[in-house]
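These notes concern the structure reproduced below.
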Amino acid sequence: LTLTLAAQTGVDVIWGVAAFLAVVAILLTTATLALYPLVRVFSDFSMGTFAKACAPAQAVGFSTRSSLASLPPMLEEAERTLKLKPEVSGLVLPSAVSVFKFASPTSRIVGTIFVASIFGVNLGFGEVAALAAGMGVLSFYSPGIPSGGLFVVAPLWQQFGLPMEGLGILIGLDLIPDMILTVANVTGDMAVAAVVGGGPSEDG
């Protein structure tokens with residue numbers, strides 16, 4: 001994969017990789033930070049309380065790249081710090097971890113554009129929009145494991161003539177993006193629980 005990529009792009013691929021990683025990191029970080037004021041607006045939790053509740057799960061997600069591995073600290077902090085009712089956190093968080101990967105389409109569409117550019121595949125605005133919509137739907141089927149979302153987009157790539165070896169390149173580069181992506185998804189899951197819960201339970 002590296003030989004093929006270098007033969008087609010030369011040393012320019014280094015700058016392309018750096019730009020890809022930077023864009024993904026900026027977009028995912030922005031998406032994560034945007035959740036804090038949203039939680040403040042749509043629930044009774046302060047941004048500080050929400051940040052405190054998210055921190056343990058974010059640390060686990062960042063280190064393991066697995067939203068499933070982050071579920072235990074999410075459940076613990078939802079009850080201890082956010083003081084949500086167990087029936088709320090016990091239903092909302094496992095469901096959110098299973099299906100709600102809100103930041104995944106952002107990362108995957110940037111990766112798709114990156115692969116298309118280095119392999120010379122021209123994607124128009126309509127094609128990019130269709131890919132983004134498809135990846136949004138497929139994100140609900142992404143397993144909560146490292147780089148899991150990359151595998152489910154393969155059929156979509158085939159429909160648009162994108163080279164499958166590009167997935168191998170993205171998997172090789174996915175360490176840093178997937179760490180930040182998992183933090184974003186975990187924070188999104190906690191945000192859903194906070195909004196659904198509304199605020200601390202009366203008996204908490």
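By convention in this document, the chains of the structure tokens carry letters A, B, ... by their order, each chain's residues are numbered from 1, and ligands are numbered from 1 in the order they are shown.
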
Excluding Leu138 of chain A and its own-chain neighbours fewer than 2 positions away, which residues fall within 12 Å of it when counting only C-alpha atoms? Please give them as a CSV table (one decimal) with C-alpha atoms, in the first residue's frame.
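Written file, result32.csv:
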chain,number,residue,atom,x,y,z
A,99,VAL,CA,-26.3,3.2,17.4
A,100,PHE,CA,-25.4,6.9,18.0
A,101,LYS,CA,-22.0,7.7,16.4
A,102,PHE,CA,-22.7,11.3,15.7
A,104,SER,CA,-18.3,9.3,12.6
A,105,PRO,CA,-19.7,10.6,9.3
A,108,ARG,CA,-15.2,9.2,7.3
A,109,ILE,CA,-16.2,11.8,4.6
A,131,LEU,CA,-21.5,9.8,0.2
A,132,ALA,CA,-22.1,11.9,3.3
A,133,ALA,CA,-25.7,10.9,3.5
A,134,GLY,CA,-24.8,7.2,3.0
A,135,MET,CA,-22.1,7.4,5.7
A,136,GLY,CA,-24.6,9.1,8.0
A,140,PHE,CA,-25.8,3.6,12.9
A,141,TYR,CA,-24.4,0.2,12.0
A,142,SER,CA,-20.8,0.9,13.0
A,143,PRO,CA,-19.4,-1.4,15.7
A,148,GLY,CA,-15.0,-0.2,13.0
A,149,GLY,CA,-16.7,2.5,11.0
A,150,LEU,CA,-14.2,2.1,8.2
A,151,PHE,CA,-15.2,-1.4,7.4
A,152,VAL,CA,-18.9,-0.7,6.9
A,153,VAL,CA,-18.3,2.0,4.3
A,154,ALA,CA,-16.6,-0.4,1.9
A,155,PRO,CA,-19.8,-1.2,-0.1
A,156,LEU,CA,-20.5,2.5,-0.4

As a tab-separated table (two decimals) with all heavy atoms, in the first residue's frame, please: the residues near Ala69 of chain A (cut-off 10 Å, only C-alpha atoms, same-chain neighbours under 2 positions excluded).
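Listing of out-v5.tsv after writing:
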chain	number	residue	atom	x	y	z
A	57	ALA	N	-14.98	8.73	31.01
A	57	ALA	CA	-15.31	7.97	29.80
A	57	ALA	C	-14.49	8.47	28.61
A	57	ALA	O	-14.09	7.67	27.75
A	57	ALA	CB	-16.80	8.09	29.50
A	60	VAL	N	-11.07	6.84	28.83
A	60	VAL	CA	-11.12	5.44	28.40
A	60	VAL	C	-11.28	5.36	26.89
A	60	VAL	O	-10.61	4.58	26.21
A	60	VAL	CB	-12.27	4.69	29.11
A	60	VAL	CG1	-12.42	3.28	28.53
A	60	VAL	CG2	-12.02	4.62	30.60
A	61	GLY	N	-12.16	6.18	26.34
A	61	GLY	CA	-12.37	6.18	24.89
A	61	GLY	C	-11.13	6.57	24.12
A	61	GLY	O	-10.80	5.97	23.10
A	63	SER	N	-8.01	6.23	25.06
A	63	SER	CA	-6.94	5.23	25.20
A	63	SER	C	-7.27	3.90	24.53
A	63	SER	O	-6.37	3.20	24.06
A	63	SER	CB	-6.62	4.99	26.68
A	63	SER	OG	-7.77	4.52	27.37
A	64	THR	N	-8.56	3.56	24.47
A	64	THR	CA	-8.95	2.26	23.91
A	64	THR	C	-9.51	2.37	22.50
A	64	THR	O	-9.59	1.37	21.80
A	64	THR	CB	-10.01	1.58	24.78
A	64	THR	OG1	-11.21	2.38	24.79
A	64	THR	CG2	-9.51	1.39	26.21
A	65	ARG	N	-9.96	3.56	22.10
A	65	ARG	CA	-10.61	3.78	20.81
A	65	ARG	C	-11.88	2.94	20.69
A	65	ARG	O	-12.29	2.58	19.60
A	65	ARG	CB	-9.66	3.48	19.65
A	65	ARG	CG	-8.39	4.32	19.64
A	65	ARG	CD	-7.33	3.73	18.74
A	65	ARG	NE	-7.84	3.55	17.38
A	65	ARG	CZ	-7.28	2.72	16.49
A	65	ARG	NH1	-6.23	1.99	16.84
A	65	ARG	NH2	-7.80	2.59	15.28
A	66	SER	N	-12.52	2.68	21.80
A	66	SER	CA	-13.72	1.85	21.80
A	66	SER	C	-14.80	2.51	22.64
A	66	SER	O	-14.61	2.71	23.85
A	66	SER	CB	-13.41	0.46	22.35
A	66	SER	OG	-14.59	-0.27	22.57
A	67	SER	N	-15.93	2.83	22.03
A	67	SER	CA	-17.03	3.40	22.78
A	67	SER	C	-17.66	2.37	23.71
A	67	SER	O	-18.19	2.71	24.77
A	67	SER	CB	-18.08	3.98	21.83
A	67	SER	OG	-18.48	3.02	20.87
A	71	LEU	N	-18.42	2.47	28.10
A	71	LEU	CA	-19.77	2.40	28.68
A	71	LEU	C	-19.78	2.30	30.20
A	71	LEU	O	-20.56	3.02	30.85
A	71	LEU	CB	-20.55	1.25	28.05
A	71	LEU	CG	-22.00	1.08	28.51
A	71	LEU	CD1	-22.80	2.35	28.27
A	71	LEU	CD2	-22.64	-0.11	27.80
A	72	PRO	N	-18.97	1.46	30.85
A	72	PRO	CA	-19.01	1.40	32.32
A	72	PRO	C	-18.76	2.74	33.00
A	72	PRO	O	-19.55	3.12	33.89
A	72	PRO	CB	-17.93	0.35	32.65
A	72	PRO	CG	-17.90	-0.53	31.44
A	72	PRO	CD	-18.11	0.39	30.29
A	73	PRO	N	-17.70	3.49	32.65
A	73	PRO	CA	-17.55	4.80	33.30
A	73	PRO	C	-18.66	5.78	32.94
A	73	PRO	O	-19.00	6.65	33.75
A	73	PRO	CB	-16.18	5.30	32.82
A	73	PRO	CG	-15.86	4.51	31.62
A	73	PRO	CD	-16.52	3.18	31.81
A	74	MET	N	-19.24	5.65	31.76
A	74	MET	CA	-20.38	6.52	31.41
A	74	MET	C	-21.55	6.25	32.35
A	74	MET	O	-22.18	7.18	32.87
A	74	MET	CB	-20.80	6.29	29.95
A	74	MET	CG	-19.96	7.05	28.95
A	74	MET	SD	-20.75	7.10	27.30
A	74	MET	CE	-20.27	5.50	26.66
A	97	VAL	N	-24.64	4.15	22.78
A	97	VAL	CA	-23.35	3.56	22.42
A	97	VAL	C	-23.51	2.62	21.23
A	97	VAL	O	-22.63	2.53	20.37
A	97	VAL	CB	-22.75	2.82	23.63
A	97	VAL	CG1	-21.59	1.94	23.21
A	97	VAL	CG2	-22.28	3.82	24.67
A	144	GLY	N	-18.74	-0.58	17.84
A	144	GLY	CA	-17.98	0.29	18.75
A	144	GLY	C	-16.60	-0.23	19.04
A	144	GLY	O	-16.19	-0.35	20.20
A	145	ILE	N	-15.85	-0.54	18.00
A	145	ILE	CA	-14.48	-1.06	18.12
A	145	ILE	C	-13.55	-0.17	17.32
A	145	ILE	O	-13.99	0.59	16.45
A	145	ILE	CB	-14.38	-2.51	17.64
A	145	ILE	CG1	-14.84	-2.61	16.17
A	145	ILE	CG2	-15.22	-3.43	18.52
A	145	ILE	CD1	-14.64	-3.97	15.56

Would you give me, as a compact mmCIF listing (two decimals) with N, CA, C and O atoms, in the first residue's frame, the residues in segment 36-173 of chain A that DSSP reads as helix (DSSP H, G or I)?
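Output file result_19.txt is given in full below:
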# COMPACT_ATOMS: atom_id res chain seq x y z
N TYR A 36 -21.08 20.86 24.66
CA TYR A 36 -21.16 21.39 26.03
C TYR A 36 -22.22 22.50 26.15
O TYR A 36 -23.08 22.43 27.04
N PRO A 37 -22.19 23.53 25.30
CA PRO A 37 -23.26 24.53 25.39
C PRO A 37 -24.63 23.97 25.04
O PRO A 37 -25.65 24.45 25.57
N LEU A 38 -24.68 22.97 24.16
CA LEU A 38 -25.96 22.37 23.82
C LEU A 38 -26.59 21.70 25.04
O LEU A 38 -27.79 21.81 25.28
N VAL A 39 -25.76 20.99 25.80
CA VAL A 39 -26.25 20.35 27.02
C VAL A 39 -26.72 21.42 28.01
O VAL A 39 -27.76 21.26 28.68
N ARG A 40 -25.98 22.51 28.09
CA ARG A 40 -26.38 23.59 29.01
C ARG A 40 -27.73 24.17 28.62
O ARG A 40 -28.58 24.49 29.48
N VAL A 41 -27.98 24.32 27.32
CA VAL A 41 -29.22 24.92 26.84
C VAL A 41 -30.41 23.97 27.02
O VAL A 41 -31.49 24.40 27.43
N PHE A 42 -30.19 22.69 26.72
CA PHE A 42 -31.31 21.75 26.68
C PHE A 42 -31.46 20.88 27.93
O PHE A 42 -32.25 19.93 27.93
N MET A 47 -22.09 23.37 32.23
CA MET A 47 -21.05 22.80 31.39
C MET A 47 -19.95 22.16 32.23
O MET A 47 -19.37 21.14 31.84
N GLY A 48 -19.68 22.73 33.41
CA GLY A 48 -18.66 22.17 34.29
C GLY A 48 -19.05 20.80 34.81
O GLY A 48 -18.22 19.87 34.83
N THR A 49 -20.30 20.65 35.22
CA THR A 49 -20.78 19.36 35.70
C THR A 49 -20.76 18.32 34.58
O THR A 49 -20.35 17.17 34.79
N PHE A 50 -21.20 18.73 33.41
CA PHE A 50 -21.19 17.82 32.27
C PHE A 50 -19.77 17.40 31.91
O PHE A 50 -19.50 16.23 31.63
N ALA A 51 -18.84 18.36 31.92
CA ALA A 51 -17.44 18.05 31.61
C ALA A 51 -16.86 17.08 32.62
O ALA A 51 -16.12 16.14 32.26
N LYS A 52 -17.18 17.27 33.89
CA LYS A 52 -16.69 16.37 34.94
C LYS A 52 -17.23 14.96 34.74
O LYS A 52 -16.51 13.97 34.94
N ALA A 53 -18.49 14.86 34.35
CA ALA A 53 -19.09 13.55 34.14
C ALA A 53 -18.51 12.84 32.93
O ALA A 53 -18.39 11.61 32.91
N CYS A 54 -18.14 13.60 31.92
CA CYS A 54 -17.63 13.00 30.68
C CYS A 54 -16.17 12.57 30.77
O CYS A 54 -15.75 11.66 30.05
N ALA A 55 -15.40 13.24 31.62
CA ALA A 55 -13.94 13.07 31.62
C ALA A 55 -13.47 11.61 31.75
O ALA A 55 -12.61 11.16 30.99
N PRO A 56 -13.98 10.82 32.71
CA PRO A 56 -13.51 9.43 32.81
C PRO A 56 -13.77 8.61 31.56
O PRO A 56 -12.90 7.87 31.09
N ALA A 57 -14.98 8.73 31.01
CA ALA A 57 -15.31 7.97 29.80
C ALA A 57 -14.49 8.47 28.61
O ALA A 57 -14.09 7.67 27.75
N GLN A 58 -14.24 9.76 28.54
CA GLN A 58 -13.41 10.29 27.47
C GLN A 58 -11.99 9.73 27.54
O GLN A 58 -11.39 9.41 26.52
N ALA A 59 -11.47 9.62 28.76
CA ALA A 59 -10.12 9.07 28.93
C ALA A 59 -10.05 7.61 28.47
O ALA A 59 -9.11 7.20 27.78
N VAL A 60 -11.07 6.84 28.83
CA VAL A 60 -11.12 5.44 28.40
C VAL A 60 -11.28 5.36 26.89
O VAL A 60 -10.61 4.58 26.21
N GLY A 61 -12.16 6.18 26.34
CA GLY A 61 -12.37 6.18 24.89
C GLY A 61 -11.13 6.57 24.12
O GLY A 61 -10.80 5.97 23.10
N PHE A 62 -10.41 7.56 24.62
CA PHE A 62 -9.20 8.02 23.95
C PHE A 62 -8.12 6.94 23.96
O PHE A 62 -7.40 6.75 22.98
N SER A 63 -8.01 6.23 25.06
CA SER A 63 -6.94 5.23 25.20
C SER A 63 -7.27 3.90 24.53
O SER A 63 -6.37 3.20 24.06
N THR A 64 -8.56 3.56 24.47
CA THR A 64 -8.95 2.26 23.91
C THR A 64 -9.51 2.37 22.50
O THR A 64 -9.59 1.37 21.80
N LEU A 71 -18.42 2.47 28.10
CA LEU A 71 -19.77 2.40 28.68
C LEU A 71 -19.78 2.30 30.20
O LEU A 71 -20.56 3.02 30.85
N PRO A 72 -18.97 1.46 30.85
CA PRO A 72 -19.01 1.40 32.32
C PRO A 72 -18.76 2.74 33.00
O PRO A 72 -19.55 3.12 33.89
N PRO A 73 -17.70 3.49 32.65
CA PRO A 73 -17.55 4.80 33.30
C PRO A 73 -18.66 5.78 32.94
O PRO A 73 -19.00 6.65 33.75
N MET A 74 -19.24 5.65 31.76
CA MET A 74 -20.38 6.52 31.41
C MET A 74 -21.55 6.25 32.35
O MET A 74 -22.18 7.18 32.87
N LEU A 75 -21.86 4.99 32.56
CA LEU A 75 -22.96 4.62 33.45
C LEU A 75 -22.69 5.09 34.88
O LEU A 75 -23.59 5.60 35.57
N GLU A 76 -21.45 4.91 35.31
CA GLU A 76 -21.09 5.30 36.68
C GLU A 76 -21.23 6.81 36.89
O GLU A 76 -21.81 7.27 37.88
N GLU A 77 -20.67 7.58 35.96
CA GLU A 77 -20.70 9.03 36.11
C GLU A 77 -22.09 9.62 35.87
O GLU A 77 -22.44 10.66 36.44
N ALA A 78 -22.87 8.96 35.03
CA ALA A 78 -24.24 9.44 34.80
C ALA A 78 -25.05 9.39 36.10
O ALA A 78 -25.87 10.29 36.36
N GLU A 79 -24.81 8.39 36.91
CA GLU A 79 -25.53 8.25 38.17
C GLU A 79 -24.85 9.02 39.30
O GLU A 79 -25.53 9.62 40.14
N ARG A 80 -23.53 9.03 39.31
CA ARG A 80 -22.82 9.66 40.43
C ARG A 80 -22.70 11.17 40.26
O ARG A 80 -22.96 11.92 41.20
N PRO A 86 -31.34 5.70 37.46
CA PRO A 86 -30.76 4.49 36.85
C PRO A 86 -31.55 4.00 35.66
O PRO A 86 -30.96 3.50 34.69
N GLU A 87 -32.87 4.14 35.71
CA GLU A 87 -33.67 3.67 34.58
C GLU A 87 -33.45 4.52 33.33
O GLU A 87 -33.66 4.05 32.21
N VAL A 88 -33.02 5.78 33.52
CA VAL A 88 -32.72 6.64 32.38
C VAL A 88 -31.35 6.30 31.81
O VAL A 88 -31.20 6.00 30.62
N SER A 89 -30.33 6.34 32.66
CA SER A 89 -28.97 6.07 32.18
C SER A 89 -28.83 4.63 31.71
O SER A 89 -28.12 4.36 30.72
N GLY A 90 -29.50 3.70 32.37
CA GLY A 90 -29.39 2.29 32.00
C GLY A 90 -30.02 1.97 30.67
O GLY A 90 -29.66 0.97 30.04
N LEU A 91 -30.96 2.79 30.22
CA LEU A 91 -31.59 2.58 28.92
C LEU A 91 -30.93 3.43 27.83
O LEU A 91 -30.60 2.93 26.75
N VAL A 92 -30.71 4.71 28.13
CA VAL A 92 -30.24 5.65 27.12
C VAL A 92 -28.80 5.38 26.72
O VAL A 92 -28.46 5.34 25.52
N LEU A 93 -27.92 5.20 27.68
CA LEU A 93 -26.49 5.08 27.35
C LEU A 93 -26.15 3.83 26.55
O LEU A 93 -25.46 3.92 25.53
N PRO A 94 -26.60 2.63 26.93
CA PRO A 94 -26.31 1.47 26.08
C PRO A 94 -26.88 1.61 24.68
O PRO A 94 -26.25 1.20 23.69
N SER A 95 -28.08 2.20 24.58
CA SER A 95 -28.68 2.41 23.26
C SER A 95 -27.85 3.39 22.44
O SER A 95 -27.61 3.18 21.24
N ALA A 96 -27.41 4.48 23.07
CA ALA A 96 -26.63 5.48 22.36
C ALA A 96 -25.28 4.92 21.91
O ALA A 96 -24.83 5.18 20.79
N VAL A 97 -24.64 4.15 22.78
CA VAL A 97 -23.35 3.56 22.42
C VAL A 97 -23.51 2.62 21.23
O VAL A 97 -22.63 2.53 20.37
N SER A 98 -24.64 1.95 21.16
CA SER A 98 -24.86 0.97 20.09
C SER A 98 -25.11 1.62 18.74
O SER A 98 -24.62 1.14 17.71
N VAL A 99 -25.86 2.71 18.72
CA VAL A 99 -26.31 3.25 17.42
C VAL A 99 -25.93 4.69 17.15
O VAL A 99 -25.96 5.13 15.99
N SER A 104 -18.94 10.19 13.57
CA SER A 104 -18.31 9.28 12.61
C SER A 104 -18.42 9.74 11.16
O SER A 104 -17.43 9.68 10.42
N PRO A 105 -19.60 10.21 10.70
CA PRO A 105 -19.66 10.63 9.30
C PRO A 105 -18.67 11.74 8.95
O PRO A 105 -18.13 11.77 7.84
N THR A 106 -18.41 12.64 9.89
CA THR A 106 -17.46 13.73 9.64
C THR A 106 -16.08 13.18 9.33
O THR A 106 -15.44 13.54 8.33
N SER A 107 -15.62 12.28 10.18
CA SER A 107 -14.29 11.70 9.98
C SER A 107 -14.22 10.88 8.70
O SER A 107 -13.24 10.97 7.95
N ARG A 108 -15.26 10.11 8.43
CA ARG A 108 -15.22 9.20 7.28
C ARG A 108 -15.32 9.94 5.95
O ARG A 108 -14.70 9.55 4.97
N ILE A 109 -16.08 11.03 5.91
CA ILE A 109 -16.18 11.76 4.64
C ILE A 109 -14.88 12.50 4.35
O ILE A 109 -14.45 12.60 3.20
N VAL A 110 -14.22 13.02 5.38
CA VAL A 110 -12.91 13.66 5.17
C VAL A 110 -11.90 12.63 4.68
O VAL A 110 -11.11 12.89 3.76
N GLY A 111 -11.94 11.43 5.27
CA GLY A 111 -11.05 10.37 4.82
C GLY A 111 -11.33 9.95 3.39
O GLY A 111 -10.41 9.68 2.62
N THR A 112 -12.59 9.94 3.02
CA THR A 112 -12.97 9.58 1.65
C THR A 112 -12.45 10.60 0.65
O THR A 112 -11.91 10.25 -0.41
N ILE A 113 -12.60 11.88 0.98
CA ILE A 113 -12.10 12.94 0.10
C ILE A 113 -10.58 12.86 -0.02
O ILE A 113 -10.00 13.06 -1.09
N PHE A 114 -9.91 12.54 1.09
CA PHE A 114 -8.46 12.40 1.08
C PHE A 114 -8.03 11.27 0.15
O PHE A 114 -7.13 11.44 -0.69
N VAL A 115 -8.68 10.11 0.27
CA VAL A 115 -8.33 8.98 -0.59
C VAL A 115 -8.64 9.29 -2.04
O VAL A 115 -7.85 8.98 -2.94
N ALA A 116 -9.77 9.92 -2.29
CA ALA A 116 -10.12 10.28 -3.67
C ALA A 116 -9.09 11.21 -4.28
O ALA A 116 -8.73 11.07 -5.46
N SER A 117 -8.57 12.13 -3.49
CA SER A 117 -7.59 13.08 -4.02
C SER A 117 -6.26 12.42 -4.35
O SER A 117 -5.65 12.72 -5.38
N ILE A 118 -5.81 11.50 -3.50
CA ILE A 118 -4.50 10.90 -3.76
C ILE A 118 -4.55 9.84 -4.86
O ILE A 118 -3.53 9.55 -5.49
N PHE A 125 -19.84 17.72 -6.20
CA PHE A 125 -20.59 18.09 -5.00
C PHE A 125 -21.72 17.10 -4.72
O PHE A 125 -21.94 16.70 -3.58
N GLY A 126 -22.42 16.70 -5.77
CA GLY A 126 -23.51 15.74 -5.59
C GLY A 126 -23.04 14.41 -5.07
O GLY A 126 -23.69 13.79 -4.21
N GLU A 127 -21.89 13.96 -5.57
CA GLU A 127 -21.35 12.67 -5.11
C GLU A 127 -20.89 12.76 -3.66
O GLU A 127 -21.12 11.82 -2.88
N VAL A 128 -20.26 13.87 -3.30
CA VAL A 128 -19.83 14.04 -1.91
C VAL A 128 -21.05 14.09 -0.98
O VAL A 128 -21.05 13.49 0.10
N ALA A 129 -22.10 14.78 -1.42
CA ALA A 129 -23.32 14.86 -0.61
C ALA A 129 -23.96 13.48 -0.45
O ALA A 129 -24.41 13.12 0.64
N ALA A 130 -23.97 12.71 -1.53
CA ALA A 130 -24.54 11.36 -1.46
C ALA A 130 -23.70 10.46 -0.54
O ALA A 130 -24.25 9.67 0.23
N LEU A 131 -22.38 10.59 -0.64
CA LEU A 131 -21.51 9.82 0.23
C LEU A 131 -21.73 10.20 1.70
O LEU A 131 -21.78 9.33 2.57
N ALA A 132 -21.86 11.49 1.95
CA ALA A 132 -22.07 11.95 3.32
C ALA A 132 -23.38 11.40 3.87
O ALA A 132 -23.45 10.96 5.03
N ALA A 133 -24.43 11.42 3.05
CA ALA A 133 -25.72 10.89 3.49
C ALA A 133 -25.63 9.39 3.75
O ALA A 133 -26.15 8.88 4.75
N GLY A 134 -24.95 8.68 2.85
CA GLY A 134 -24.79 7.24 3.03
C GLY A 134 -24.00 6.91 4.28
O GLY A 134 -24.35 5.97 5.02
N MET A 135 -22.95 7.67 4.54
CA MET A 135 -22.14 7.41 5.73
C MET A 135 -22.90 7.77 7.00
O MET A 135 -22.68 7.17 8.05
N GLY A 136 -23.79 8.76 6.89
CA GLY A 136 -24.62 9.07 8.04
C GLY A 136 -25.52 7.91 8.41
O GLY A 136 -25.68 7.57 9.59
N VAL A 137 -26.10 7.28 7.40
CA VAL A 137 -26.95 6.11 7.65
C VAL A 137 -26.12 4.93 8.16
O VAL A 137 -26.49 4.26 9.13
N LEU A 138 -24.98 4.70 7.52
CA LEU A 138 -24.14 3.56 7.91
C LEU A 138 -23.53 3.72 9.30
O LEU A 138 -23.16 2.73 9.92
N SER A 139 -23.44 4.96 9.79
CA SER A 139 -22.86 5.17 11.12
C SER A 139 -23.68 4.47 12.20
O SER A 139 -23.16 4.11 13.26
N PHE A 140 -24.98 4.26 11.94
CA PHE A 140 -25.83 3.57 12.92
C PHE A 140 -25.48 2.08 13.01
O PHE A 140 -25.87 1.41 13.96
N TYR A 141 -24.75 1.58 12.02
CA TYR A 141 -24.38 0.17 12.00
C TYR A 141 -22.91 -0.05 12.33
O TYR A 141 -22.41 -1.17 12.24
N GLY A 148 -13.84 0.58 13.47
CA GLY A 148 -14.97 -0.22 13.01
C GLY A 148 -15.77 0.44 11.91
O GLY A 148 -16.29 -0.23 11.02
N GLY A 149 -15.88 1.78 11.98
CA GLY A 149 -16.67 2.49 10.99
C GLY A 149 -16.10 2.44 9.59
O GLY A 149 -16.81 2.63 8.61
N LEU A 150 -14.79 2.17 9.48
CA LEU A 150 -14.17 2.12 8.15
C LEU A 150 -14.61 0.89 7.37
O LEU A 150 -14.67 0.93 6.14
N PHE A 151 -14.89 -0.19 8.06
CA PHE A 151 -15.24 -1.42 7.37
C PHE A 151 -16.64 -1.37 6.76
O PHE A 151 -16.88 -1.96 5.71
N VAL A 152 -17.54 -0.66 7.42
CA VAL A 152 -18.92 -0.65 6.93
C VAL A 152 -19.12 0.26 5.72
O VAL A 152 -20.15 0.19 5.05
N ALA A 154 -17.17 0.22 3.06
CA ALA A 154 -16.59 -0.41 1.86
C ALA A 154 -17.60 -0.57 0.72
O ALA A 154 -17.30 -0.23 -0.43
N PRO A 155 -18.83 -1.07 0.98
CA PRO A 155 -19.79 -1.19 -0.13
C PRO A 155 -20.13 0.15 -0.76
O PRO A 155 -20.33 0.25 -1.97
N LEU A 156 -20.18 1.18 0.07
CA LEU A 156 -20.48 2.52 -0.45
C LEU A 156 -19.35 3.01 -1.34
O LEU A 156 -19.59 3.62 -2.39
N TRP A 157 -18.13 2.75 -0.94
CA TRP A 157 -16.96 3.12 -1.76
C TRP A 157 -17.01 2.44 -3.12
O TRP A 157 -16.68 3.05 -4.13
N GLN A 158 -17.39 1.18 -3.12
CA GLN A 158 -17.44 0.45 -4.38
C GLN A 158 -18.41 1.09 -5.36
O GLN A 158 -18.16 1.14 -6.57
N GLN A 159 -19.53 1.58 -4.86
CA GLN A 159 -20.53 2.19 -5.72
C GLN A 159 -20.03 3.47 -6.38
O GLN A 159 -20.50 3.86 -7.45
N GLU A 165 -8.05 -0.26 -1.68
CA GLU A 165 -6.77 -0.14 -0.97
C GLU A 165 -6.70 1.15 -0.17
O GLU A 165 -5.91 1.27 0.76
N GLY A 166 -7.56 2.11 -0.52
CA GLY A 166 -7.61 3.34 0.26
C GLY A 166 -8.07 3.10 1.68
O GLY A 166 -7.66 3.80 2.61
N LEU A 167 -8.94 2.09 1.88
CA LEU A 167 -9.36 1.75 3.24
C LEU A 167 -8.18 1.28 4.07
O LEU A 167 -8.07 1.59 5.25
N GLY A 168 -7.29 0.51 3.43
CA GLY A 168 -6.09 0.07 4.14
C GLY A 168 -5.23 1.24 4.57
O GLY A 168 -4.66 1.24 5.67
N ILE A 169 -5.14 2.25 3.71
CA ILE A 169 -4.37 3.44 4.06
C ILE A 169 -5.01 4.17 5.23
O ILE A 169 -4.33 4.60 6.18
N LEU A 170 -6.34 4.33 5.18
CA LEU A 170 -7.03 5.01 6.27
C LEU A 170 -6.92 4.25 7.58
O LEU A 170 -6.77 4.86 8.65
N ILE A 171 -6.99 2.92 7.51
CA ILE A 171 -6.83 2.13 8.73
C ILE A 171 -5.44 2.35 9.31
O ILE A 171 -5.27 2.46 10.53
N GLY A 172 -4.43 2.42 8.43
CA GLY A 172 -3.08 2.67 8.90
C GLY A 172 -2.90 4.03 9.54
O GLY A 172 -2.08 4.21 10.44
N LEU A 173 -3.69 5.01 9.08
CA LEU A 173 -3.59 6.38 9.60
C LEU A 173 -4.60 6.66 10.71
O LEU A 173 -4.61 7.75 11.27

Close residues, Thr187 of chain A itself excluded, 8 Å, only C-alpha atoms, min 2 positions apart in chain, as a PyMOL selection string: chain A and resi 32+35+54+58+183-185+189-191

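Shortest separation to Leu68 of chain A among A:Ala34, A:Leu28, A:Val192, A:Val186 occurs at residue A:Val186, atoms counted being only C-alpha atoms.
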